[in-house]
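Listing of work.tsv; format and content: TSV, C-alpha atoms and all ligand atoms.
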chain	number	residue	atom	x	y	z
S	1	MET	CA	-51.08	44.22	5.16
S	2	ILE	CA	-50.18	42.10	2.14
S	3	ASP	CA	-47.71	44.75	1.00
S	4	ASP	CA	-46.15	44.83	4.47
S	5	ILE	CA	-45.77	41.07	4.44
S	6	ARG	CA	-44.15	41.16	0.97
S	7	ARG	CA	-41.80	43.91	2.10
S	8	ILE	CA	-40.83	41.91	5.20
S	9	GLN	CA	-40.31	38.82	3.04
S	10	ALA	CA	-38.04	40.61	0.55
S	11	ASP	CA	-36.05	42.24	3.31
S	12	ALA	CA	-35.71	38.98	5.26
S	13	VAL	CA	-34.67	36.95	2.20
S	14	SER	CA	-31.89	39.40	1.39
S	15	ARG	CA	-30.66	39.54	5.03
S	16	LEU	CA	-30.66	35.73	5.34
S	17	GLY	CA	-28.80	35.42	2.04
S	18	ALA	CA	-26.14	37.82	3.33
S	19	ALA	CA	-25.54	36.12	6.72
S	20	ALA	CA	-21.78	36.01	7.18
S	21	THR	CA	-21.51	33.02	9.50
S	22	LEU	CA	-23.56	30.04	10.65
S	23	GLU	CA	-23.99	31.74	14.04
S	24	ASP	CA	-25.27	34.94	12.40
S	25	LEU	CA	-27.67	32.86	10.35
S	26	GLY	CA	-29.08	31.18	13.48
S	27	VAL	CA	-29.62	34.55	15.17
S	28	LEU	CA	-31.35	35.93	12.06
S	29	GLU	CA	-33.62	32.90	11.73
S	30	ARG	CA	-34.80	33.36	15.31
S	31	GLU	CA	-35.38	37.08	14.72
S	32	LEU	CA	-37.17	36.67	11.38
S	33	LEU	CA	-39.06	33.41	11.82
S	34	GLY	CA	-39.30	32.90	15.59
S	35	LYS	CA	-42.18	33.43	18.03
S	36	THR	CA	-41.46	37.14	18.48
S	37	SER	CA	-40.88	37.89	14.77
S	38	GLU	CA	-42.87	40.46	12.82
S	39	LEU	CA	-44.25	37.63	10.73
S	40	THR	CA	-45.67	35.84	13.76
S	41	GLY	CA	-47.10	39.20	14.89
S	42	PHE	CA	-49.21	39.37	11.72
S	43	LYS	CA	-50.77	36.02	12.55
S	44	LYS	CA	-52.19	37.52	15.71
S	45	LEU	CA	-53.71	40.41	13.77
S	46	MET	CA	-55.57	38.00	11.48
S	47	GLY	CA	-58.28	37.35	14.09
S	48	GLY	CA	-60.01	40.68	13.25
S	49	LEU	CA	-60.25	40.00	9.49
S	50	ASP	CA	-63.12	38.64	7.43
S	51	ASN	CA	-62.75	35.20	5.80
S	52	GLU	CA	-61.74	36.49	2.39
S	53	ALA	CA	-58.98	38.71	3.85
S	54	LYS	CA	-57.89	35.92	6.24
S	55	ARG	CA	-57.31	33.63	3.27
S	56	GLU	CA	-55.27	36.23	1.40
S	57	VAL	CA	-53.16	37.28	4.37
S	58	GLY	CA	-52.72	33.65	5.42
S	59	GLY	CA	-51.54	32.79	1.90
S	60	ALA	CA	-49.07	35.66	1.88
S	61	LEU	CA	-47.77	34.69	5.32
S	62	ASN	CA	-47.21	31.08	4.25
S	63	ALA	CA	-45.49	32.18	1.06
S	64	ALA	CA	-43.25	34.53	3.05
S	65	ARG	CA	-42.35	31.82	5.57
S	66	GLU	CA	-41.53	29.37	2.77
S	67	ALA	CA	-39.38	31.85	0.89
S	68	MET	CA	-37.49	32.80	4.06
S	69	THR	CA	-36.98	29.17	5.10
S	70	ALA	CA	-35.68	28.34	1.61
S	71	ALA	CA	-33.29	31.32	1.74
S	72	ALA	CA	-32.02	30.19	5.16
S	73	THR	CA	-31.52	26.59	3.98
S	74	ALA	CA	-29.62	27.69	0.88
S	75	ARG	CA	-27.42	30.05	2.87
S	76	ARG	CA	-26.75	27.36	5.51
S	77	ALA	CA	-25.55	24.93	2.80
S	78	ASP	CA	-23.16	27.57	1.39
S	79	LEU	CA	-21.85	28.50	4.82
S	80	GLU	CA	-21.27	24.85	5.73
S	81	ILE	CA	-19.16	24.36	2.62
S	82	LEU	CA	-17.19	27.48	3.44
S	83	ALA	CA	-16.74	26.37	7.05
S	84	SER	CA	-15.46	22.96	6.03
S	85	ARG	CA	-13.05	24.58	3.56
S	86	HIS	CA	-11.76	26.76	6.35
S	87	ARG	CA	-11.38	23.75	8.63
S	88	ALA	CA	-9.49	21.81	5.93
S	89	GLU	CA	-7.25	24.81	5.34
S	90	ALA	CA	-6.60	25.24	9.06
S	91	GLU	CA	-5.77	21.53	9.50
S	92	ARG	CA	-3.66	21.28	6.36
S	93	LEU	CA	-0.22	19.76	6.89
S	94	ASP	CA	2.55	20.99	4.70
S	95	LEU	CA	4.29	17.73	3.96
S	96	SER	CA	6.75	19.44	1.65
S	97	GLU	CA	8.26	21.29	4.56
S	98	VAL	CA	12.05	21.37	4.58
S	99	ARG	CA	13.37	22.14	8.00
S	100	ALA	CA	16.24	24.56	8.19
S	101	GLY	CA	19.56	22.89	8.89
S	102	ARG	CA	18.44	19.47	7.64
S	103	ASP	CA	18.40	17.99	4.17
S	104	ALA	CA	15.08	17.26	2.48
S	105	GLY	CA	15.20	13.57	3.41
S	106	HIS	CA	16.67	10.47	1.81
S	107	LEU	CA	15.76	6.96	0.74
S	108	HIS	CA	14.81	4.45	3.43
S	109	LEU	CA	17.46	1.91	4.42
S	110	VAL	CA	15.47	-0.91	2.78
S	111	THR	CA	15.07	1.08	-0.46
S	112	GLN	CA	18.79	1.85	-0.44
S	113	THR	CA	19.49	-1.87	-0.01
S	114	ILE	CA	17.17	-2.77	-2.91
S	115	GLU	CA	18.90	-0.22	-5.14
S	116	GLU	CA	22.38	-1.45	-4.21
S	117	LEU	CA	21.40	-5.06	-4.92
S	118	GLU	CA	19.79	-4.07	-8.23
S	119	ASP	CA	23.01	-2.25	-9.19
S	120	VAL	CA	25.07	-5.38	-8.54
S	121	PHE	CA	22.75	-7.58	-10.61
S	122	VAL	CA	22.38	-5.05	-13.41
S	123	GLY	CA	26.18	-4.95	-13.52
S	124	MET	CA	26.09	-8.73	-14.05
S	125	GLY	CA	23.69	-8.38	-17.02
S	126	PHE	CA	20.30	-8.85	-15.35
S	127	ASN	CA	17.25	-6.67	-15.81
S	128	VAL	CA	14.78	-5.70	-13.07
S	129	ALA	CA	11.13	-6.87	-13.09
S	130	GLU	CA	8.24	-6.21	-10.74
S	131	GLY	CA	4.88	-7.77	-9.97
S	132	PRO	CA	1.80	-6.96	-7.88
S	133	GLU	CA	1.72	-7.39	-4.10
S	134	VAL	CA	-1.88	-8.64	-4.26
S	135	GLU	CA	-1.64	-11.94	-6.12
S	136	ASP	CA	-3.89	-14.72	-7.26
S	137	ASP	CA	-3.53	-18.31	-6.16
S	138	TRP	CA	-2.20	-19.30	-9.59
S	139	HIS	CA	0.87	-17.06	-9.50
S	140	ASN	CA	1.64	-17.31	-5.79
S	141	PHE	CA	1.12	-21.08	-5.46
S	142	THR	CA	-0.38	-23.25	-8.21
S	143	ALA	CA	1.91	-22.30	-11.11
S	144	LEU	CA	4.84	-22.69	-8.69
S	145	ASN	CA	3.95	-26.37	-8.31
S	146	PHE	CA	2.53	-26.11	-4.78
S	147	GLY	CA	0.23	-29.11	-4.24
S	148	GLU	CA	-3.35	-28.33	-3.35
S	149	TYR	CA	-2.73	-29.24	0.30
S	150	HIS	CA	0.77	-27.80	0.69
S	151	PRO	CA	1.12	-26.43	4.24
S	152	ALA	CA	2.31	-23.02	2.99
S	153	ARG	CA	-1.19	-22.36	1.70
S	154	ASP	CA	-2.47	-22.68	5.24
S	155	MET	CA	-3.99	-19.74	7.09
S	156	GLN	CA	-0.85	-19.71	9.30
S	157	ASP	CA	1.30	-18.21	6.58
S	158	THR	CA	-0.93	-16.47	4.10
S	159	PHE	CA	-2.99	-13.32	4.31
S	160	PHE	CA	-6.09	-13.90	2.20
S	161	VAL	CA	-7.85	-10.98	0.56
S	162	GLY	CA	-11.65	-10.98	0.56
S	163	LEU	CA	-11.96	-10.94	-3.24
S	164	GLY	CA	-12.96	-13.60	-5.74
S	165	GLY	CA	-13.61	-17.12	-4.51
S	166	PRO	CA	-12.46	-18.38	-1.09
S	167	ARG	CA	-8.64	-18.17	-0.76
S	168	GLU	CA	-8.33	-17.13	-4.39
S	169	VAL	CA	-6.63	-13.76	-3.80
S	170	VAL	CA	-3.66	-13.41	-1.45
S	171	MET	CA	-1.03	-10.95	-0.33
S	172	ARG	CA	1.99	-12.52	-2.03
S	173	THR	CA	3.97	-14.63	0.43
S	174	HIS	CA	7.19	-14.41	-1.61
S	175	THR	CA	8.60	-12.78	-4.76
S	176	SER	CA	8.57	-16.10	-6.67
S	177	PRO	CA	5.17	-15.31	-8.31
S	178	VAL	CA	7.05	-12.63	-10.27
S	179	GLN	CA	9.07	-15.48	-11.84
S	180	ILE	CA	5.78	-16.79	-13.24
S	181	ARG	CA	4.73	-13.35	-14.49
S	182	VAL	CA	8.08	-12.84	-16.23
S	183	MET	CA	8.01	-16.29	-17.86
S	184	GLU	CA	4.37	-15.86	-18.95
S	185	HIS	CA	5.23	-12.64	-20.76
S	186	GLN	CA	8.71	-13.23	-22.08
S	187	ALA	CA	10.34	-16.03	-24.01
S	188	PRO	CA	13.81	-17.17	-22.88
S	189	PRO	CA	16.57	-16.11	-22.56
S	190	ILE	CA	15.51	-14.60	-19.22
S	191	TYR	CA	17.97	-12.97	-16.82
S	192	SER	CA	15.88	-11.01	-14.31
S	193	VAL	CA	15.89	-9.89	-10.68
S	194	MET	CA	12.65	-9.08	-8.90
S	195	PRO	CA	12.70	-7.14	-5.65
S	196	GLY	CA	9.57	-6.36	-3.64
S	197	ARG	CA	7.46	-6.44	-0.54
S	198	VAL	CA	6.02	-9.72	0.71
S	199	TYR	CA	3.54	-10.71	3.44
S	200	ARG	CA	3.33	-13.55	5.96
S	201	ASN	CA	0.62	-14.08	8.52
S	202	GLU	CA	3.07	-14.33	11.43
S	203	ALA	CA	3.53	-12.68	14.81
S	204	THR	CA	5.99	-9.79	14.60
S	205	ASP	CA	9.03	-9.70	16.88
S	206	ALA	CA	12.63	-8.50	16.86
S	207	THR	CA	13.64	-11.07	14.21
S	208	HIS	CA	10.36	-11.51	12.26
S	209	LEU	CA	8.22	-9.09	10.29
S	210	ALA	CA	4.80	-9.87	8.81
S	211	VAL	CA	5.61	-7.42	5.99
S	212	PHE	CA	9.13	-7.68	4.65
S	213	HIS	CA	11.14	-7.63	1.41
S	214	GLN	CA	12.75	-10.19	-0.84
S	215	ILE	CA	14.75	-10.17	-4.01
S	216	GLU	CA	14.34	-12.98	-6.50
S	217	CYS	CA	16.72	-13.94	-9.28
S	218	LEU	CA	15.62	-15.97	-12.32
S	219	VAL	CA	17.62	-17.30	-15.24
S	220	VAL	CA	16.07	-19.39	-18.04
S	221	ASP	CA	18.12	-20.23	-21.11
S	222	ARG	CA	19.48	-23.18	-23.06
S	223	GLY	CA	21.95	-25.36	-21.16
S	224	ILE	CA	21.67	-23.71	-17.73
S	225	THR	CA	23.10	-25.97	-15.00
S	226	PHE	CA	23.41	-26.13	-11.24
S	227	GLY	CA	26.99	-24.91	-11.71
S	228	HIS	CA	25.66	-21.64	-13.13
S	229	LEU	CA	23.46	-21.27	-10.05
S	230	ALA	CA	26.31	-21.85	-7.57
S	231	GLY	CA	28.65	-19.62	-9.57
S	232	THR	CA	26.12	-16.77	-9.81
S	233	ILE	CA	25.44	-16.86	-6.08
S	234	ASP	CA	29.16	-16.81	-5.32
S	235	ARG	CA	29.82	-13.97	-7.78
S	236	PHE	CA	26.98	-11.98	-6.31
S	237	THR	CA	28.21	-12.61	-2.74
S	238	LYS	CA	31.65	-11.25	-3.54
S	239	ALA	CA	30.31	-8.32	-5.57
S	240	TYR	CA	27.86	-7.20	-2.91
S	241	PHE	CA	29.59	-8.06	0.37
S	242	GLY	CA	33.23	-7.99	-0.62
S	243	PRO	CA	36.02	-10.22	-1.95
S	244	GLY	CA	36.61	-11.92	1.41
S	245	TRP	CA	33.11	-13.46	1.47
S	246	THR	CA	32.11	-16.91	0.16
S	247	SER	CA	28.90	-18.93	-0.16
S	248	ARG	CA	27.74	-22.51	0.28
S	249	LEU	CA	24.67	-24.52	-0.62
S	250	ARG	CA	22.84	-27.06	1.57
S	251	PRO	CA	20.22	-29.49	0.23
S	252	SER	CA	16.66	-28.34	0.84
S	253	TYR	CA	13.16	-28.49	-0.60
S	254	PHE	CA	10.94	-26.03	-2.48
S	255	PRO	CA	8.01	-27.17	-4.65
S	256	PHE	CA	9.12	-24.93	-7.54
S	257	THR	CA	12.78	-25.98	-7.74
S	258	GLU	CA	14.39	-29.40	-8.20
S	259	PRO	CA	16.99	-29.91	-6.91
S	260	SER	CA	16.64	-27.26	-4.21
S	261	ALA	CA	19.09	-25.78	-1.74
S	262	GLU	CA	19.47	-23.20	1.00
S	263	PHE	CA	22.37	-20.87	0.59
S	264	ASP	CA	24.52	-19.37	3.31
S	265	ILE	CA	27.25	-16.79	3.04
S	266	GLN	CA	30.46	-16.78	5.03
S	267	ARG	CA	31.85	-13.61	6.53
S	268	PRO	CA	35.62	-12.98	6.39
S	269	ASP	CA	35.74	-13.90	10.11
S	270	GLY	CA	34.53	-17.41	9.20
S	271	THR	CA	30.99	-17.14	10.63
S	272	TRP	CA	27.99	-18.08	8.47
S	273	LEU	CA	24.79	-16.22	7.72
S	274	GLU	CA	21.75	-18.05	6.30
S	275	LEU	CA	20.54	-16.03	3.36
S	276	GLY	CA	17.88	-17.70	1.22
S	277	GLY	CA	16.62	-20.48	-0.98
S	278	CYS	CA	17.51	-21.56	-4.49
S	279	GLY	CA	17.38	-24.35	-7.03
S	280	MET	CA	16.86	-25.41	-10.63
S	281	VAL	CA	13.45	-24.27	-11.91
S	282	HIS	CA	11.13	-27.30	-11.73
S	283	PRO	CA	10.12	-28.60	-15.19
S	284	ASN	CA	6.43	-28.33	-14.16
S	285	VAL	CA	6.94	-24.61	-13.52
S	286	LEU	CA	8.47	-24.07	-16.96
S	287	SER	CA	5.58	-26.01	-18.57
S	288	ASN	CA	3.02	-24.00	-16.57
S	289	CYS	CA	4.45	-20.88	-18.21
S	290	GLY	CA	4.50	-22.32	-21.73
S	291	ILE	CA	8.27	-22.92	-21.77
S	292	ASP	CA	9.45	-26.31	-23.05
S	293	PRO	CA	11.56	-27.96	-20.30
S	294	GLU	CA	13.18	-30.18	-22.92
S	295	GLU	CA	14.61	-27.13	-24.63
S	296	PHE	CA	15.24	-24.76	-21.74
S	297	SER	CA	16.41	-25.02	-18.16
S	298	GLY	CA	16.85	-22.41	-15.47
S	299	PHE	CA	17.72	-21.56	-11.92
S	300	ALA	CA	16.21	-19.26	-9.33
S	301	PHE	CA	17.14	-17.95	-5.94
S	302	GLY	CA	15.51	-15.61	-3.47
S	303	PHE	CA	16.33	-14.06	-0.14
S	304	GLY	CA	15.04	-11.58	2.42
S	305	LEU	CA	16.50	-8.09	2.43
S	306	ASP	CA	15.39	-6.73	5.76
S	307	ARG	CA	17.54	-8.99	7.90
S	308	LEU	CA	20.44	-8.41	5.54
S	309	ALA	CA	20.13	-4.62	5.80
S	310	ALA	CA	19.66	-4.82	9.56
S	311	THR	CA	22.74	-7.03	10.04
S	312	ARG	CA	24.89	-4.75	7.92
S	313	HIS	CA	23.86	-1.65	9.83
S	314	GLY	CA	23.74	-3.02	13.37
S	315	VAL	CA	19.95	-2.77	13.68
S	316	THR	CA	19.02	-5.34	16.34
S	317	ASP	CA	15.22	-5.10	16.12
S	318	LEU	CA	13.72	-5.57	12.64
S	319	ARG	CA	10.59	-3.69	13.70
S	320	GLU	CA	12.66	-0.51	13.66
S	321	LEU	CA	12.71	-0.77	9.86
S	322	ALA	CA	8.97	-0.06	9.82
S	323	SER	CA	9.22	2.82	12.28
S	324	THR	CA	8.56	6.41	11.32
S	325	ASP	CA	10.83	7.80	14.03
S	326	ILE	CA	12.93	10.42	12.28
S	327	ARG	CA	15.76	9.88	14.78
S	328	PHE	CA	16.04	6.26	13.65
S	329	LEU	CA	15.59	6.98	9.96
S	330	GLU	CA	18.15	9.77	9.83
S	331	GLN	CA	20.96	7.43	10.81
S	332	PHE	CA	21.19	5.73	7.43
N	401	LIG	N1	10.46	-18.21	-2.49
N	401	LIG	C1	11.28	-18.90	-1.53
N	401	LIG	C2	10.94	-18.40	-0.12
N	401	LIG	O1	10.30	-17.38	0.02
N	401	LIG	C3	12.75	-18.71	-1.80
N	401	LIG	C4	13.20	-19.29	-3.11
N	401	LIG	C5	13.26	-18.51	-4.24
N	401	LIG	C6	13.56	-20.64	-3.21
N	401	LIG	C7	13.69	-19.05	-5.45
N	401	LIG	C8	13.98	-21.17	-4.39
N	401	LIG	C9	14.04	-20.38	-5.51
N	401	LIG	O2	11.33	-18.99	0.86
Since I need it in another form, could you write the structure as structure tokens?
Amino acid sequence: MIDDIRRIQADAVSRLGAAATLEDLGVLERELLGKTSELTGFKKLMGGLDNEAKREVGGALNAAREAMTAAATARRADLEILASRHRAEAERLDLSEVRAGRDAGHLHLVTQTIEELEDVFVGMGFNVAEGPEVEDDWHNFTALNFGEYHPARDMQDTFFVGLGGPREVVMRTHTSPVQIRVMEHQAPPIYSVMPGRVYRNEATDATHLAVFHQIECLVVDRGITFGHLAGTIDRFTKAYFGPGWTSRLRPSYFPFTEPSAEFDIQRPDGTWLELGGCGMVHPNVLSNCGIDPEEFSGFAFGFGLDRLAATRHGVTDLRELASTDIRFLEQF
């Protein structure tokens, strides 16, 4: 009897280990371990045995059941891994696909705009700097001379990230924190432009995006004046839009510039387009970055790209810029 049980065990363990699929394994388990299995049959025969033999046969039966269950469990684990590999393979998307008759894709309209603007500024002697989109309060607000209770820190405008202390980590609300990062790491002279994505906690509609793009320009050197600011903006306007375009400044307020202005650009047909903000870098901001405001002065300006790109290309709903519709994207 014991030999029979051992033979059944060895045979069962090798059949379970060779099950080809999870379904086959289930069928085998029922056959080899279920109520009508040979193993269960032996249990019924045990009634006619003396105590000593009962113990031995019982022990062999238990050992056989354990070995078979272990073989089934091990095989199930292997088959599950194989099955999930097959599933992953079957669901795999080939994102490198190039469809016949079309090119392999191109840069997004906003990226193209960033690159064009960078080209213009690089041509004027600027370099390009970048900073993180997740910022700390120091770079996004405090170092930029925002008072502790400035309304722009309010929940209305800022997405707060659940890291650090309350309201300590934010999605940057503008590219101006990159000014701070540049000035913290580099001594003047500084001539940098800083494009990037920014975030505002605002409802999205045809003319507003909660996630959009800005480009920032920063100059810090000896003897920089408001005239340099106005001249740079006008030069840039003509270089980027065309010789028939001009610019103007209107008094405004930003905590990090003094004096501050808004700047508009004028199309050749005489109509005006509001573009962005600018001003002379506030002495507190220079000091916050370890730059002596008695020795150096600077200017900065910044503006949104998305509206600019949309206007130039006749896109009437800014939300289209975030769409993944290939028919929209292919137009540019
Ligand atoms: N950061 C300002 C904004 O997002 C724009 C600005 C940049 C103003 C640089 C002045 C100087 O509105």
Atomic distance CA of Phe241 in chain S - CA of Thr311 in chain S, expressed in Å with one decimal:
11.9 Å
Counting only C-alpha atoms, the residue of S:Ala239, S:Ile291, S:Ala210, S:Leu308 that sits nearest Ile190 in chain S
S:Ile291
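Distances to ligand LIG 401 (chain N) were evaluated for S:Thr40, S:Thr175, S:Thr204, S:Asn62 using all atoms listed in the file, and the minimum falls at S:Thr175.
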Would you list the contacts of Ala322 in chain S as number ranges by chain, taking every protein, DNA or RNA residue within 9 Å and counting all atoms listed in the file, but skipping same-chain residues closer than 3 positions in sequence?
S: 211, 318-319
List every residue of chain S that has an atom at most 10 Å from any atom of ligand LIG 401 (chain N), and for each one report the closest atom pair and its distance in Å to one decimal, counting all atoms listed in the file, with rows sorted by chain and then by increasing residue number, as a Markdown table.
| residue | atom | partner | partner_atom | distance |
| --- | --- | --- | --- | --- |
| S:Asn140 | CA | N:LIG401 | N1 | 9.5 |
| S:Leu144 | CA | N:LIG401 | N1 | 9.5 |
| S:Arg172 | CA | N:LIG401 | O1 | 9.8 |
| S:Thr173 | CA | N:LIG401 | O1 | 6.9 |
| S:His174 | CA | N:LIG401 | O1 | 4.6 |
| S:Thr175 | CA | N:LIG401 | N1 | 6.2 |
| S:Ser176 | CA | N:LIG401 | N1 | 5.0 |
| S:Pro177 | CA | N:LIG401 | N1 | 8.4 |
| S:Gln179 | CA | N:LIG401 | C7 | 8.7 |
| S:Val198 | CA | N:LIG401 | O1 | 8.8 |
| S:Arg200 | CA | N:LIG401 | O1 | 9.9 |
| S:His213 | CA | N:LIG401 | O1 | 9.9 |
| S:Gln214 | CA | N:LIG401 | O1 | 7.6 |
| S:Ile215 | CA | N:LIG401 | C5 | 8.5 |
| S:Glu216 | CA | N:LIG401 | C5 | 6.1 |
| S:Cys217 | CA | N:LIG401 | C7 | 7.1 |
| S:Leu218 | CA | N:LIG401 | C7 | 7.8 |
| S:Ser252 | CA | N:LIG401 | C6 | 9.2 |
| S:Tyr253 | CA | N:LIG401 | C6 | 8.3 |
| S:Phe254 | CA | N:LIG401 | C6 | 6.0 |
| S:Pro255 | CA | N:LIG401 | C8 | 8.5 |
| S:Phe256 | CA | N:LIG401 | C8 | 6.9 |
| S:Thr257 | CA | N:LIG401 | C8 | 6.0 |
| S:Glu258 | CA | N:LIG401 | C8 | 9.1 |
| S:Pro259 | CA | N:LIG401 | C8 | 9.6 |
| S:Ser260 | CA | N:LIG401 | C8 | 6.6 |
| S:Ala261 | CA | N:LIG401 | C8 | 7.4 |
| S:Glu262 | CA | N:LIG401 | C6 | 7.7 |
| S:Phe263 | CA | N:LIG401 | C6 | 9.6 |
| S:Leu275 | CA | N:LIG401 | C3 | 9.7 |
| S:Gly276 | CA | N:LIG401 | C3 | 6.0 |
| S:Gly277 | CA | N:LIG401 | C6 | 3.8 |
| S:Cys278 | CA | N:LIG401 | C8 | 3.6 |
| S:Gly279 | CA | N:LIG401 | C8 | 5.4 |
| S:Met280 | CA | N:LIG401 | C9 | 7.7 |
| S:Val281 | CA | N:LIG401 | C9 | 7.5 |
| S:His282 | CA | N:LIG401 | C9 | 9.7 |
| S:Phe299 | CA | N:LIG401 | C9 | 7.5 |
| S:Ala300 | CA | N:LIG401 | C9 | 4.5 |
| S:Phe301 | CA | N:LIG401 | C7 | 3.7 |
| S:Gly302 | CA | N:LIG401 | C5 | 3.8 |
| S:Phe303 | CA | N:LIG401 | C3 | 6.1 |
| S:Gly304 | CA | N:LIG401 | O1 | 7.9 |
